[in-house]
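coords_25.cif (mmCIF, C-alpha atoms and all ligand atoms)
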```
data_start
loop_
_atom_site.label_atom_id
_atom_site.label_comp_id
_atom_site.auth_asym_id
_atom_site.auth_seq_id
_atom_site.Cartn_x
_atom_site.Cartn_y
_atom_site.Cartn_z
CA MET A 11 106.66 125.96 -61.70
CA SER A 12 104.20 123.51 -60.17
CA ASN A 13 103.11 123.90 -56.58
CA SER A 14 105.44 121.21 -55.34
CA GLU A 15 108.36 122.78 -57.21
CA LEU A 16 107.60 126.10 -55.58
CA LEU A 17 107.44 124.51 -52.16
CA PHE A 18 110.68 122.62 -52.81
CA GLU A 19 112.43 125.88 -53.66
CA TYR A 20 111.02 127.56 -50.55
CA LEU A 21 112.29 124.70 -48.38
CA LEU A 22 115.74 124.91 -49.96
CA ARG A 23 115.97 128.61 -49.17
CA ASN A 24 115.15 127.94 -45.56
CA GLY A 25 117.30 124.85 -45.24
CA ASP A 26 120.24 126.63 -46.87
CA ASP A 27 120.04 129.72 -44.63
CA ARG A 28 120.43 127.48 -41.62
CA VAL A 29 123.01 125.01 -42.83
CA VAL A 30 125.28 127.82 -44.07
CA LEU A 31 124.98 129.86 -40.88
CA GLY A 32 125.35 126.69 -38.81
CA GLN A 33 128.57 125.89 -40.67
CA ARG A 34 129.85 129.42 -40.06
CA MET A 35 129.15 129.18 -36.36
CA ALA A 36 130.82 125.77 -36.23
CA GLU A 37 134.04 127.45 -37.40
CA TRP A 38 134.20 129.00 -33.92
CA CYS A 39 134.35 125.61 -32.23
CA GLY A 40 137.48 125.48 -30.11
CA LYS A 41 138.26 129.13 -30.87
CA GLY A 42 135.68 130.94 -28.73
CA PRO A 43 136.92 133.86 -26.62
CA ILE A 44 135.98 132.02 -23.42
CA ILE A 45 134.84 128.45 -22.80
CA GLU A 46 131.22 129.45 -22.05
CA GLU A 47 131.03 131.30 -25.34
CA ASP A 48 132.67 128.46 -27.23
CA LEU A 49 129.90 126.18 -25.95
CA ALA A 50 127.18 128.72 -26.75
CA LEU A 51 128.32 129.22 -30.35
CA ALA A 52 128.63 125.47 -30.90
CA ASN A 53 125.16 124.90 -29.46
CA ILE A 54 123.64 127.56 -31.70
CA SER A 55 125.41 126.00 -34.65
CA LEU A 56 123.95 122.59 -33.79
CA ASP A 57 120.44 124.02 -33.45
CA LEU A 58 120.71 125.69 -36.86
CA ILE A 59 122.03 122.57 -38.54
CA GLY A 60 119.29 120.55 -36.85
CA GLN A 61 116.66 122.98 -38.12
CA SER A 62 118.14 122.84 -41.61
CA VAL A 63 117.73 119.06 -41.50
CA LEU A 64 114.01 119.54 -40.82
CA PHE A 65 113.62 121.77 -43.89
CA LEU A 66 115.85 119.71 -46.18
CA LYS A 67 114.29 116.42 -45.16
CA TYR A 68 110.89 117.85 -46.03
CA ALA A 69 112.35 119.22 -49.28
CA SER A 70 113.53 115.74 -50.11
CA GLU A 71 110.03 114.32 -49.56
CA VAL A 72 108.44 117.05 -51.65
CA GLU A 73 110.92 116.56 -54.47
CA GLY A 74 110.51 112.78 -54.35
CA LYS A 75 113.62 112.03 -56.38
CA GLY A 76 115.42 110.08 -53.69
CA ARG A 77 117.84 112.89 -52.83
CA ASP A 78 117.88 112.90 -49.03
CA GLU A 79 118.84 115.84 -46.80
CA ASP A 80 122.52 114.87 -46.89
CA ALA A 81 122.53 114.71 -50.68
CA LEU A 82 120.91 118.15 -50.77
CA ALA A 83 123.45 119.66 -48.39
CA TYR A 84 126.60 118.00 -49.68
CA PHE A 85 126.07 117.56 -53.39
CA ARG A 86 124.77 120.90 -54.54
CA ASP A 87 127.18 123.52 -55.81
CA GLU A 88 127.30 127.16 -54.89
CA ARG A 89 124.92 128.33 -57.62
CA LYS A 90 122.29 125.86 -56.43
CA TYR A 91 122.42 127.21 -52.88
CA LYS A 92 119.58 129.67 -52.17
CA ASN A 93 120.61 131.12 -48.81
CA LEU A 94 120.70 134.81 -47.90
CA LEU A 95 124.00 136.57 -48.54
CA LEU A 96 124.05 137.71 -44.92
CA VAL A 97 124.58 134.21 -43.50
CA GLU A 98 127.54 133.33 -45.71
CA GLN A 99 129.58 136.37 -44.65
CA PRO A 100 132.79 135.34 -42.88
CA ASN A 101 133.15 135.36 -39.09
CA THR A 102 135.89 138.01 -39.27
CA ASP A 103 135.90 138.74 -35.54
CA PHE A 104 133.59 138.24 -32.59
CA ALA A 105 131.74 141.54 -33.08
CA PHE A 106 131.11 140.67 -36.70
CA THR A 107 129.82 137.22 -35.78
CA ILE A 108 127.48 138.69 -33.17
CA ALA A 109 126.12 141.41 -35.48
CA ARG A 110 125.44 138.90 -38.24
CA GLN A 111 123.79 136.55 -35.75
CA PHE A 112 121.68 139.31 -34.24
CA PHE A 113 120.34 140.48 -37.62
CA TYR A 114 119.57 136.89 -38.52
CA ASP A 115 118.09 135.77 -35.16
CA CYS A 116 115.83 138.77 -35.10
CA TYR A 117 114.53 137.92 -38.56
CA GLU A 118 114.19 134.22 -37.75
CA TYR A 119 112.20 134.97 -34.61
CA TYR A 120 109.54 136.97 -36.47
CA PHE A 121 109.70 134.57 -39.41
CA TYR A 122 108.89 131.55 -37.23
CA THR A 123 106.17 133.47 -35.39
CA GLU A 124 104.39 133.86 -38.74
CA LEU A 125 105.34 130.49 -40.19
CA ALA A 126 103.69 128.82 -37.20
CA ASN A 127 100.37 129.86 -38.80
CA SER A 128 101.25 128.35 -42.18
CA SER A 129 98.55 126.30 -43.88
CA ASP A 130 101.26 123.69 -44.47
CA GLU A 131 101.19 121.46 -41.39
CA THR A 132 104.82 120.41 -41.58
CA LEU A 133 106.06 123.97 -41.91
CA SER A 134 103.88 125.03 -39.02
CA ALA A 135 105.25 122.17 -36.88
CA ILE A 136 108.86 123.05 -37.76
CA ALA A 137 108.24 126.69 -36.83
CA THR A 138 106.48 125.92 -33.55
CA LYS A 139 109.29 123.65 -32.50
CA SER A 140 112.17 125.82 -33.69
CA ILE A 141 111.03 129.16 -32.32
CA LYS A 142 111.73 127.95 -28.79
CA GLU A 143 115.36 127.53 -29.78
CA THR A 144 115.50 130.79 -31.70
CA ILE A 145 114.46 132.71 -28.60
CA TYR A 146 117.60 131.47 -26.84
CA HIS A 147 119.69 132.50 -29.84
CA LEU A 148 118.16 135.95 -30.05
CA ARG A 149 118.66 136.54 -26.34
CA HIS A 150 122.26 135.50 -26.65
CA SER A 151 123.00 137.76 -29.62
CA SER A 152 121.06 140.78 -28.31
CA GLU A 153 122.77 140.60 -24.95
CA TRP A 154 126.14 140.54 -26.68
CA MET A 155 125.10 143.50 -28.87
CA LEU A 156 124.56 145.50 -25.68
CA ARG A 157 127.72 144.27 -24.00
CA LEU A 158 129.94 145.02 -26.99
CA GLY A 159 128.24 148.25 -28.07
CA ASP A 160 128.06 149.64 -24.58
CA GLY A 161 131.43 148.19 -23.59
CA THR A 162 134.79 149.76 -24.31
CA ASP A 163 135.64 152.22 -27.09
CA LEU A 164 137.31 149.39 -28.95
CA SER A 165 134.40 146.94 -28.67
CA ASN A 166 131.98 149.69 -29.67
CA ALA A 167 134.07 150.60 -32.72
CA LYS A 168 134.36 146.98 -33.81
CA LEU A 169 130.64 146.41 -33.48
CA GLN A 170 129.87 149.63 -35.34
CA ASP A 171 132.14 148.49 -38.18
CA ALA A 172 130.41 145.13 -38.33
CA VAL A 173 126.92 146.64 -38.35
CA ASP A 174 127.88 149.12 -41.09
CA TYR A 175 129.51 146.42 -43.19
CA LEU A 176 126.67 143.92 -42.91
CA TRP A 177 123.86 146.40 -43.41
CA CYS A 178 123.92 146.09 -47.22
CA TYR A 179 122.84 142.46 -46.90
CA THR A 180 119.76 143.11 -44.80
CA ALA A 181 117.29 144.28 -47.46
CA GLU A 182 117.46 140.93 -49.22
CA ILE A 183 115.97 139.23 -46.18
CA PHE A 184 112.60 140.90 -46.75
CA GLU A 185 112.40 140.81 -50.51
CA MET A 186 109.12 139.27 -51.65
CA THR A 187 109.96 137.27 -54.75
CA GLU A 188 107.42 135.74 -57.12
CA LEU A 189 107.80 132.50 -55.25
CA ASP A 190 106.98 134.12 -51.90
CA ASN A 191 103.90 135.75 -53.38
CA ALA A 192 102.67 132.55 -55.00
CA LEU A 193 103.06 130.52 -51.80
CA LEU A 194 101.64 133.34 -49.70
CA ALA A 195 98.46 133.21 -51.77
CA ASP A 196 97.99 129.63 -50.54
CA GLY A 197 98.74 130.60 -46.95
CA ILE A 198 101.97 128.59 -47.00
CA ALA A 199 104.72 131.21 -47.03
CA VAL A 200 105.42 134.09 -44.67
CA ASP A 201 104.52 137.63 -45.70
CA LEU A 202 107.93 139.27 -45.33
CA ASN A 203 106.38 142.73 -45.70
CA LYS A 204 104.53 142.04 -42.50
CA ILE A 205 107.61 141.17 -40.46
CA LYS A 206 109.92 143.86 -41.83
CA PRO A 207 108.54 146.67 -39.61
CA LEU A 208 108.86 144.41 -36.56
CA TRP A 209 112.47 143.65 -37.44
CA ASP A 210 113.20 147.35 -38.08
CA ALA A 211 111.76 148.31 -34.72
CA LYS A 212 113.62 145.64 -32.76
CA VAL A 213 116.92 146.32 -34.53
CA SER A 214 116.77 150.07 -34.00
CA GLU A 215 115.79 149.56 -30.36
CA ILE A 216 118.77 147.29 -29.70
CA LEU A 217 121.21 149.45 -31.68
CA GLU A 218 120.15 152.48 -29.72
CA LYS A 219 120.52 150.68 -26.40
CA ALA A 220 123.90 149.41 -27.56
CA LYS A 221 125.00 152.97 -28.45
CA ILE A 222 125.51 151.94 -32.07
CA LYS A 223 124.57 154.39 -34.81
CA MET A 224 122.04 153.33 -37.43
CA PRO A 225 123.86 152.63 -40.71
CA ASP A 226 123.53 155.08 -43.58
CA GLU A 227 120.02 154.90 -45.01
CA ASN A 228 121.40 155.33 -48.53
CA THR A 229 123.49 152.18 -48.28
CA TYR A 230 123.44 150.30 -51.58
CA MET A 231 121.67 147.02 -50.90
CA ILE A 232 123.17 143.82 -52.33
CA LYS A 233 120.93 140.90 -53.26
CA GLY A 234 121.20 137.66 -55.16
CA GLY A 235 121.31 134.75 -52.71
CA ARG A 236 117.77 133.59 -53.45
CA LYS A 237 118.74 133.31 -57.13
CA GLY A 238 121.95 131.46 -56.35
CA VAL A 239 124.18 134.47 -57.04
CA HIS A 240 126.51 134.60 -54.06
CA THR A 241 129.40 136.56 -52.64
CA GLU A 242 132.88 135.11 -52.97
CA TYR A 243 132.64 133.55 -49.50
CA LEU A 244 130.06 130.83 -50.06
CA GLY A 245 132.18 128.68 -52.38
CA HIS A 246 134.97 128.48 -49.81
CA LEU A 247 132.54 127.60 -47.05
CA LEU A 248 130.97 124.84 -49.14
CA SER A 249 134.28 123.40 -50.23
CA GLU A 250 135.26 122.90 -46.61
CA MET A 251 131.83 121.56 -45.67
CA GLN A 252 131.51 119.20 -48.61
CA ILE A 253 135.02 117.90 -49.20
CA LEU A 254 134.85 114.82 -47.01
CA THR A 255 131.55 113.51 -48.37
CA ARG A 256 132.62 114.20 -51.92
CA SER A 257 136.07 112.66 -51.57
CA TYR A 258 134.75 109.57 -49.80
CA PRO A 259 131.17 109.09 -51.01
CA GLY A 260 129.16 106.95 -48.63
CA ALA A 261 131.83 107.18 -45.92
CA LYS A 262 130.66 105.93 -42.51
CA TRP A 263 132.22 105.98 -39.07
CA MET B 10 93.64 93.02 -27.59
CA VAL B 11 96.68 91.55 -29.28
CA ASN B 12 97.79 95.04 -30.21
CA ASN B 13 97.45 96.18 -26.61
CA SER B 14 99.85 93.60 -25.34
CA ILE B 15 102.33 94.28 -28.15
CA GLN B 16 102.14 97.94 -27.25
CA GLU B 17 102.85 97.22 -23.58
CA ASN B 18 105.67 94.91 -24.50
CA ILE B 19 107.29 97.57 -26.71
CA LEU B 20 106.94 100.30 -24.10
CA GLU B 21 108.47 97.97 -21.52
CA LEU B 22 111.46 97.39 -23.81
CA LEU B 23 111.81 101.12 -24.56
CA SER B 24 111.82 101.97 -20.86
CA GLY B 25 115.11 100.06 -20.73
CA ILE B 26 116.75 102.45 -23.21
CA SER B 27 118.48 105.32 -21.51
CA ASP B 28 119.13 108.81 -22.79
CA PRO B 29 122.67 108.61 -24.23
CA GLU B 30 123.63 111.84 -22.51
CA ILE B 31 121.83 111.32 -19.21
CA PRO B 32 122.06 107.58 -18.56
CA VAL B 33 119.97 107.68 -15.36
CA VAL B 34 116.73 108.44 -17.20
CA SER B 35 115.04 106.48 -19.95
CA ILE B 36 113.84 107.88 -23.24
CA ILE B 37 110.28 107.37 -22.00
CA GLU B 38 110.95 109.39 -18.85
CA MET B 39 112.42 112.14 -21.01
CA GLY B 40 109.14 112.29 -22.92
CA MET B 41 110.74 111.40 -26.25
CA VAL B 42 108.46 108.42 -26.90
CA ARG B 43 105.03 109.68 -27.87
CA GLY B 44 103.45 106.27 -28.17
CA VAL B 45 103.07 103.08 -30.13
CA GLU B 46 100.58 103.13 -32.97
CA PHE B 47 99.61 100.53 -35.51
CA GLN B 48 99.59 100.73 -39.25
CA GLU B 49 97.91 97.72 -40.81
CA ASN B 50 98.80 95.85 -37.62
CA ARG B 51 102.49 96.74 -37.86
CA PRO B 52 103.63 98.65 -34.77
CA VAL B 53 104.94 102.18 -35.29
CA VAL B 54 106.97 103.74 -32.49
CA VAL B 55 106.45 107.51 -32.55
CA ILE B 56 109.24 109.60 -31.10
CA THR B 57 109.75 113.34 -30.92
CA PRO B 58 113.10 115.11 -31.06
CA THR B 59 114.11 117.24 -28.07
CA TYR B 60 116.21 120.09 -29.47
CA SER B 61 116.72 120.25 -33.25
CA GLY B 62 120.45 120.17 -32.71
CA CYS B 63 120.41 117.28 -30.27
CA PRO B 64 123.13 114.92 -31.55
CA ALA B 65 121.69 112.10 -29.42
CA MET B 66 118.61 111.68 -31.62
CA HIS B 67 120.37 109.45 -34.16
CA GLN B 68 121.78 107.30 -31.40
CA ILE B 69 118.31 106.98 -29.86
CA GLN B 70 116.72 105.91 -33.13
CA ASP B 71 119.43 103.31 -33.63
CA ASP B 72 119.03 102.07 -30.05
CA ILE B 73 115.27 101.67 -30.48
CA ALA B 74 115.65 99.78 -33.75
CA ALA B 75 118.31 97.51 -32.24
CA VAL B 76 116.33 96.68 -29.10
CA LEU B 77 113.15 95.91 -31.04
CA LYS B 78 115.01 93.79 -33.54
CA SER B 79 116.85 91.75 -30.94
CA ASN B 80 113.46 91.01 -29.36
CA GLY B 81 112.03 89.84 -32.65
CA ILE B 82 109.67 92.79 -33.07
CA ASP B 83 109.18 94.17 -36.55
CA ALA B 84 108.31 97.83 -36.05
CA GLU B 85 108.80 101.16 -37.72
CA VAL B 86 110.27 104.17 -35.88
CA LYS B 87 108.72 107.47 -36.88
CA THR B 88 109.60 111.01 -35.87
CA ARG B 89 106.80 113.48 -35.19
CA LEU B 90 107.40 117.18 -34.60
CA SER B 91 104.02 118.29 -33.39
CA PRO B 92 103.29 118.94 -30.58
CA PRO B 93 106.87 120.03 -29.93
CA TRP B 94 108.77 118.35 -27.13
CA THR B 95 108.60 120.06 -23.77
CA THR B 96 110.09 119.44 -20.33
CA ASP B 97 106.48 119.62 -19.07
CA TRP B 98 106.29 115.93 -19.99
CA MET B 99 108.83 114.98 -17.32
CA THR B 100 107.34 113.59 -14.12
CA GLU B 101 108.36 114.73 -10.65
CA GLU B 102 110.09 111.36 -10.22
CA THR B 103 112.19 111.95 -13.35
CA LYS B 104 113.16 115.39 -12.12
CA GLN B 105 114.36 113.88 -8.85
CA LYS B 106 116.48 111.38 -10.78
CA LEU B 107 118.14 114.24 -12.65
CA LYS B 108 118.87 116.02 -9.40
CA LYS B 109 120.44 112.91 -7.84
CA TYR B 110 122.59 112.63 -10.93
CA GLY B 111 123.85 116.19 -10.36
CA ILE B 112 121.72 118.07 -12.89
CA ALA B 113 119.34 120.70 -11.52
CA PRO B 114 115.92 119.73 -12.95
CA PRO B 115 113.62 122.09 -14.91
CA ILE B 116 111.79 124.57 -12.72
CA GLY B 117 108.18 125.38 -13.55
CA PHE B 118 106.32 124.64 -16.74
CA SER B 119 107.08 125.67 -20.28
CA LYS B 120 103.47 126.69 -20.90
CA ASP B 121 103.80 129.36 -18.17
CA LEU B 122 107.10 130.69 -19.51
CA LYS B 123 107.19 134.25 -20.64
CA MET B 124 108.99 134.41 -23.95
CA ASP B 125 111.10 137.37 -22.96
CA LEU B 126 113.87 138.40 -25.27
CA PHE B 127 116.01 139.33 -22.36
CA SER B 128 116.55 136.57 -19.94
CA VAL B 129 114.99 136.90 -16.61
CA ILE B 130 117.68 134.85 -14.95
CA GLN B 131 116.25 131.68 -13.49
CA LYS B 132 117.15 131.18 -9.85
CA VAL B 133 118.36 127.61 -9.52
CA ASN B 134 119.35 125.79 -6.35
CA CYS B 135 122.56 123.79 -6.39
CA PRO B 136 121.76 120.09 -6.93
CA PHE B 137 124.65 119.13 -4.64
CA CYS B 138 124.21 121.33 -1.56
CA ASP B 139 120.77 122.91 -2.21
CA SER B 140 122.22 126.36 -1.75
CA GLY B 141 120.50 129.23 -3.53
CA GLU B 142 123.80 131.11 -3.81
CA THR B 143 124.32 130.19 -7.44
CA GLU B 144 125.26 132.12 -10.52
CA LEU B 145 124.37 131.64 -14.19
CA LYS B 146 127.53 131.38 -16.27
CA SER B 147 126.01 130.62 -19.67
CA GLU B 148 122.61 129.80 -21.11
CA PHE B 149 124.28 127.10 -23.15
CA GLY B 150 125.87 124.18 -21.34
CA SER B 151 127.46 121.00 -22.61
CA THR B 152 124.28 120.41 -24.62
CA ALA B 153 121.60 122.81 -25.82
CA CYS B 154 119.07 121.56 -23.26
CA LYS B 155 121.14 122.65 -20.30
CA SER B 156 122.58 125.90 -19.02
CA TYR B 157 125.69 126.24 -16.98
CA TYR B 158 125.78 127.49 -13.36
CA HIS B 159 128.27 127.83 -10.57
CA CYS B 160 127.48 127.31 -6.88
CA ASN B 161 129.11 129.90 -4.66
CA SER B 162 128.48 127.85 -1.51
CA CYS B 163 130.09 124.51 -2.37
CA HIS B 164 132.09 125.90 -5.33
CA GLN B 165 130.87 123.21 -7.64
CA SER B 166 129.84 123.94 -11.21
CA PHE B 167 126.63 122.30 -12.32
CA GLU B 168 124.14 122.21 -15.16
CA TYR B 169 120.50 123.20 -15.09
CA PHE B 170 118.11 121.37 -17.39
CA LYS B 171 116.23 124.32 -18.87
CA CYS B 172 112.47 124.51 -18.69
CA HIS B 173 111.61 124.25 -22.39
ZN ZN A 301 126.45 123.85 -4.04
#
```

As structure tokens, the full file:
Amino acid sequence: MSNSELLFEYLLRNGDDRVVLGQRMAEWCGKGPIIEEDLALANISLDLIGQSVLFLKYASEVEGKGRDEDALAYFRDERKYKNLLLVEQPNTDFAFTIARQFFYDCYEYYFYTELANSSDETLSAIATKSIKETIYHLRHSSEWMLRLGDGTDLSNAKLQDAVDYLWCYTAEIFEMTELDNALLADGIAVDLNKIKPLWDAKVSEILEKAKIKMPDENTYMIKGGRKGVHTEYLGHLLSEMQILTRSYPGAKW
Amino acid sequence: MVNNSIQENILELLSGISDPEIPVVSIIEMGMVRGVEFQENRPVVVITPTYSGCPAMHQIQDDIAAVLKSNGIDAEVKTRLSPPWTTDWMTEETKQKLKKYGIAPPIGFSKDLKMDLFSVIQKVNCPFCDSGETELKSEFGSTACKSYYHCNSCHQSFEYFKCH
């Protein structure tokens, strides 16, 4: 792959993580447990979708084939999506949504901290801008981790279930693929090996405070999202997200 | 010289465009307009997005294009991310306008903010009765830029424009 193809792929991964998670969070709109939380989840969703636009718009420029950010989001099929498996997992219940968000926010926070030093000016600008938003997200999800984990027996059990279930999707986040290594050599990509220990430390600190047990260290880790091999959930998510644009191409309102 | 007067003219026109969500302040007062530049003598209006998820950004771009066009100005509108938008760009006068409108304005400066992962809850006075007896209900209000408070003195809910 040429350098611009590598960069394009890297931008898709990042754009896809955010548009998929943003879509998941949007599913909560109007269904939040309380009005304040409904607003919070919708706001986080909007931030993520907005950030995905930044990555996909840049991807479109790098690709230079006239596919804009909307074309990239709405007209690629499941196998062309390169997001992490973690973010496509269904909302299930509030504890599940919070655990997924916490694992992701924590990663995104350290990811942006590093990406801000990227030799690619646009990536660095996206990171510097977005990290301010991610801090709000991470605060929101960590505070809920504590409230649910250290809440009632029921909320603790539900959160423990969610953490145990989602754990198998967390190793993929830090996998250095060939693409990461190639772009890292040019100072463009983030060294995921560098942020993994920070993530580990923050996650175990919050789990401990939340009275949640660390998941089994022998958990079999599932990967594939970066290659376009997804769990059964992504196709359903995309069909809902893409149906309008595909049924009425060019629709405006 | 010619460019200078075009620049002033454009900024004057832009100061008449209000923030779609907070109609009492203009997009210039909000710090969204970074300036007017020239590319081969064609004016380029540089704007910066507030929050990534701000749904008003599209509206603002359309408003700018429409106002310039109806005044016979051929200009490009460009978005620039760096440096990232901050409430530090709001003047004291703008903050007072927000308060009059019923939104508690940003307190302090973003550059002095500690990026704590656990919120040190910002003490905000009620924009209606100035009471300090207020309570944070949610860090996310009707839009991402505001958080949601309740005043225990006048029993009015209000929004605080976060220092960002
Ligand atoms: Zn009051």

Open item on the list: Show me, as a PyMOL selection string, the residues of chain A whose atoms get within 10 Å of chain B, using all atoms listed in the file for the distance check.
Closed with: chain A and resi 45-64+131-132+134-140+142-143+145-150+152-153

List every residue of chain B that has an atom at most 7 Å from any atom of ligand ZN 301 (chain A), and for each one report the closest atom pair and its distance in Å to one decimal, counting only C-alpha atoms and all ligand atoms, with rows sorted by chain and then by increasing residue number, as JSON lines.
```
{"residue": "B:Cys135", "atom": "CA", "partner": "A:ZN301", "partner_atom": "ZN", "distance": 4.5}
{"residue": "B:Pro136", "atom": "CA", "partner": "A:ZN301", "partner_atom": "ZN", "distance": 6.7}
{"residue": "B:Phe137", "atom": "CA", "partner": "A:ZN301", "partner_atom": "ZN", "distance": 5.1}
{"residue": "B:Cys138", "atom": "CA", "partner": "A:ZN301", "partner_atom": "ZN", "distance": 4.2}
{"residue": "B:Asp139", "atom": "CA", "partner": "A:ZN301", "partner_atom": "ZN", "distance": 6.0}
{"residue": "B:Ser140", "atom": "CA", "partner": "A:ZN301", "partner_atom": "ZN", "distance": 5.4}
{"residue": "B:Cys160", "atom": "CA", "partner": "A:ZN301", "partner_atom": "ZN", "distance": 4.6}
{"residue": "B:Asn161", "atom": "CA", "partner": "A:ZN301", "partner_atom": "ZN", "distance": 6.6}
{"residue": "B:Ser162", "atom": "CA", "partner": "A:ZN301", "partner_atom": "ZN", "distance": 5.1}
{"residue": "B:Cys163", "atom": "CA", "partner": "A:ZN301", "partner_atom": "ZN", "distance": 4.1}
{"residue": "B:His164", "atom": "CA", "partner": "A:ZN301", "partner_atom": "ZN", "distance": 6.1}
{"residue": "B:Gln165", "atom": "CA", "partner": "A:ZN301", "partner_atom": "ZN", "distance": 5.7}
```

Open item on the list: For a quick check of your reading of the model, name the residues lying within 7 Å of the coordinate (106.3, 106.2, -28.3), counting only C-alpha atoms, and write them as a ChimeraX atom specification.
Closed with: /B:42-45,54-56

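Distance check against A:Ile216 using all atoms listed in the file: of A:Leu66, A:Met155, A:Leu96, A:Met251, the minimum falls on A:Met155.
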
Task: Straight-line distance linking atom CA of B:Leu107 with atom CA of B:Thr57, stated in Å to one decimal - done: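 Computing it gives 20.1 Å between the two atoms.
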
Open item on the list: Please list as a ChimeraX atom specification every residue within 9 Å of A:Leu16, counting all atoms listed in the file and excluding residues in the same chain fewer than 6 positions away.
Closed with: /A:189-190,192-193

- [ ] Might you pull out every residue within 9 Å of B:Thr103, with only C-alpha atoms counted and same-chain residues fewer than 3 positions away left off, and present them as a PyMOL selection string?
- [x] chain B and resi 34+38-39+99-100+106-108+114

Would you write out those residues with C-alpha atoms, as a compact mmCIF listing (two decimals), in the coordinates of the input?
```txt
# COMPACT_ATOMS: atom_id res chain seq x y z
CA VAL B 34 116.73 108.44 -17.20
CA GLU B 38 110.95 109.39 -18.85
CA MET B 39 112.42 112.14 -21.01
CA MET B 99 108.83 114.98 -17.32
CA THR B 100 107.34 113.59 -14.12
CA LYS B 106 116.48 111.38 -10.78
CA LEU B 107 118.14 114.24 -12.65
CA LYS B 108 118.87 116.02 -9.40
CA PRO B 114 115.92 119.73 -12.95
```

Task: Nearby residues, (104.7, 131.4, -40.6) file frame, 12 Å, only C-alpha atoms, as a PyMOL selection string - done: chain A and resi 117-138+140-141+190+193-194+197-202+204-205

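Here atom CA of B:Leu122 stands at a distance of 27.9 Å from atom CA of B:Ser27.
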
Can you pull out the residues contacting stretch 173-186 of chain A? Cut-off 9 Å, using all atoms listed in the file, and skip same-chain residues under 5 positions away; I want them as a JSON list (two decimals) with C-alpha atoms, keeping the file's coordinate frame.
```
[["chain", "number", "residue", "atom", "x", "y", "z"],
["A", 94, "LEU", "CA", 120.70, 134.81, -47.90],
["A", 95, "LEU", "CA", 124.00, 136.57, -48.54],
["A", 96, "LEU", "CA", 124.05, 137.71, -44.92],
["A", 99, "GLN", "CA", 129.58, 136.37, -44.65],
["A", 105, "ALA", "CA", 131.74, 141.54, -33.08],
["A", 106, "PHE", "CA", 131.11, 140.67, -36.70],
["A", 109, "ALA", "CA", 126.12, 141.41, -35.48],
["A", 110, "ARG", "CA", 125.44, 138.90, -38.24],
["A", 113, "PHE", "CA", 120.34, 140.48, -37.62],
["A", 114, "TYR", "CA", 119.57, 136.89, -38.52],
["A", 117, "TYR", "CA", 114.53, 137.92, -38.56],
["A", 168, "LYS", "CA", 134.36, 146.98, -33.81],
["A", 191, "ASN", "CA", 103.90, 135.75, -53.38],
["A", 201, "ASP", "CA", 104.52, 137.63, -45.70],
["A", 202, "LEU", "CA", 107.93, 139.27, -45.33],
["A", 203, "ASN", "CA", 106.38, 142.73, -45.70],
["A", 205, "ILE", "CA", 107.61, 141.17, -40.46],
["A", 206, "LYS", "CA", 109.92, 143.86, -41.83],
["A", 222, "ILE", "CA", 125.51, 151.94, -32.07],
["A", 223, "LYS", "CA", 124.57, 154.39, -34.81],
["A", 224, "MET", "CA", 122.04, 153.33, -37.43],
["A", 225, "PRO", "CA", 123.86, 152.63, -40.71],
["A", 226, "ASP", "CA", 123.53, 155.08, -43.58],
["A", 229, "THR", "CA", 123.49, 152.18, -48.28],
["A", 230, "TYR", "CA", 123.44, 150.30, -51.58],
["A", 231, "MET", "CA", 121.67, 147.02, -50.90],
["A", 232, "ILE", "CA", 123.17, 143.82, -52.33],
["A", 233, "LYS", "CA", 120.93, 140.90, -53.26],
["A", 234, "GLY", "CA", 121.20, 137.66, -55.16],
["A", 235, "GLY", "CA", 121.31, 134.75, -52.71],
["A", 236, "ARG", "CA", 117.77, 133.59, -53.45]]
```

Task: Atomic separation - atom CA of B:Ala113 relative to atom CA of B:Phe167, Å - done: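 The value is 7.5 Å.
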
Determine the axis-aligned bounding box of all atoms of stretch 151-161 of chain B present in the file, pad each side by 4 Å, and express its centre and edge lengths in Å to one decimal place as lines of an AutoDock Vina configuration file.
```
center_x = 124.1
center_y = 125.2
center_z = -15.2
size_x = 18.0
size_y = 17.5
size_z = 29.2
```
